[in-house]
Amino acid sequence: MSSNSNLLLTQCSDELIAVYRDGLLNDTLPFWLRHGVDTIHGGIMTSLDRDGTLLDDDKLMWQQCRFIWLMGELYNNVQQCPEWLDAALRVANFVEQHGFDQKDGRMWFHLDRGGKPIRKRRYAFSESFAAIAFGELALATGDTRYAELARKCFHRFVTHDPDRFGEPKFTCLRRTRSLAVPMITIATAQQLRSSIQLEDADTVIDDAIATIHQFHNKPEIGCVMETVGADGAMIDHVDGRTLNPGHAIEGAWFIMYEGKIRDDERLVRMGCRMLDWMWRRGWDQGYGGLFYFVDVEEKPVQEYWHDMKFWWPQNEAIIATLLAYQLTGDAKYAAWHDVAHRWAYDHFADPEHGEWFGYLHRDGHRSSTLKGSHWKGPFHLPRMQLTCWKLLEGTCL
């Protein structure tokens, strides 16, 4: 995973392809297959130290489903490797057996190692990740049962109303809407359109993009708001002012990618504008890397980890800048990609044990030796490696 070579996109695409392809297949993937897969109870464990030592054997449903998606995506788009499909099917069997509450059909969020439920959350992102997981299995196996499971999970996600389940988390005094829902809707529908030819996927994606455009994009201040009022109004409280640049940049490349698929310059421009706004707000000019949180008015941020550097925003910035450069030819995006790639590989990659560290202080020093946690698993890094590899090869996933 060396970052010493010249990574200018116009000159060294072959070297970059090798970095992403070989890093995925020879480093990231073996780490998770060797240390994460639970051969006793099924599923995957993600709380791993630097060398893969297990720190906690609980299982988060997000990570189970994301691992299935990754294995299925690789099987369907890279190589029909029996080991990958077998791993996906074994984890999928764990999810089917233990991942759903039989009382209401909703998915659990947190299980113990054997599959007993610990926690269910009010939102339905577990269902969104299950949808893309089962979609890839449907394509890989030809089993229509997986396709129906994918559709069922996606329907539960897009129709989910958190206030139907128990006492509302908040009163109705300050109703809000989050960028996460339309953003994840876009990505999930894109995946299902590819894997199971999801009906009305384009319409669902159009509606989600319109929601982001109408409520979250603020061109008058050059910003993508993470949280806004129900009517899209900015909220002058700490939660309303807090931005997550990496999250918005992730949404930006989802929209750019849709523009690429449809050959729609309007969507490409929208995604690039979002990237431009949030790069300028989120890139740390002092030390490099994307901040985790910033305030829209540059006021102090309440979250004490706001200036840390997490692995996944850097992954999203690497994808977004590469895609923006490919779609526009604008040299600034090549330069942004180069600096994002170099900084991330210089600070997160572990040449001794493989994979990436997850959590750094602002100046790039490690905060923790964790390679995996309840939140970090085999998803953002391998998705970045796979996406960049295929983009550089000129392939659409």
# chains A, B, ... in the order shown; residues from 1 in each chain; ligands from 1

call {"tool": "residues_around", "arguments": {"residues": "range 252-262 of chain A", "least_positions_apart": "5", "cutoff": "7 Å", "atoms": "only C-alpha atoms", "output": "PyMOL selection string"}}
result
chain A and resi 186-187+267-268+271-272+274-275+320

call {"tool": "closest_atom_pairs", "arguments": {"of": "range 310-347 of chain A", "to": "range 222-246 of chain A", "cutoff": "7 Å", "atoms": "only C-alpha atoms", "output": "tab-separated table"}}
result
residue	atom	partner	partner_atom	distance
A:Pro313	CA	A:Gly246	CA	4.1
A:Glu316	CA	A:Gly246	CA	6.4
A:Ala317	CA	A:Gly246	CA	6.8

call {"tool": "select_by_dssp", "arguments": {"residues": "range 125-235 of chain A", "states": "alpha helix (DSSP H)", "output": "ChimeraX atom specification"}}
result
/A:125-141,144-158,180-196,201-211

call {"tool": "atom_distance", "arguments": {"atom1": "CA of Arg269 in chain A", "atom2": "CA of Phe154 in chain A"}}
result
28.1 Å

call {"tool": "closest_residue", "arguments": {"among": "A:Leu29, A:Cys153, A:Leu89, A:Leu392", "to": "Leu323 in chain A", "atoms": "only C-alpha atoms"}}
result
A:Leu392

call {"tool": "residues_around", "arguments": {"residues": "Val95 in chain A", "least_positions_apart": "2", "cutoff": "10 Å", "atoms": "only C-alpha atoms", "output": "list in words"}}
result
Gly42, Gly43, Met61, Gln64, Cys65, Ile68, Leu89, Arg90, Val91, Ala92, Asn93, Gln97, His98, Gly99, Phe100, Met107, Trp108, Gly115 and Ala130 of chain A

call {"tool": "closest_residue", "arguments": {"among": "A:Ala201, A:Leu322, A:Leu391, A:Ala248", "to": "Phe293 in chain A", "atoms": "only C-alpha atoms"}}
result
A:Ala248

call {"tool": "atom_distance", "arguments": {"atom1": "CA of Lys120 in chain A", "atom2": "CA of Thr53 in chain A"}}
result
27.1 Å

call {"tool": "atom_distance", "arguments": {"atom1": "CA of Ile17 in chain A", "atom2": "CA of Thr387 in chain A"}}
result
10.3 Å

call {"tool": "select_by_dssp", "arguments": {"residues": "range 82-280 of chain A", "states": "strand (DSSP E)", "output": "list in words"}}
result
His110, Leu111, Pro117, Ile118, Arg119, Thr176, Arg177, Ser178, Asn217, Lys218, Cys223, Val224, Thr227, Val228, Gly229, Thr242 and Leu243 of chain A

call {"tool": "closest_residue", "arguments": {"among": "A:Met270, A:Cys172, A:Met308, A:Ala331", "to": "Arg366 in chain A", "atoms": "only C-alpha atoms"}}
result
A:Met308
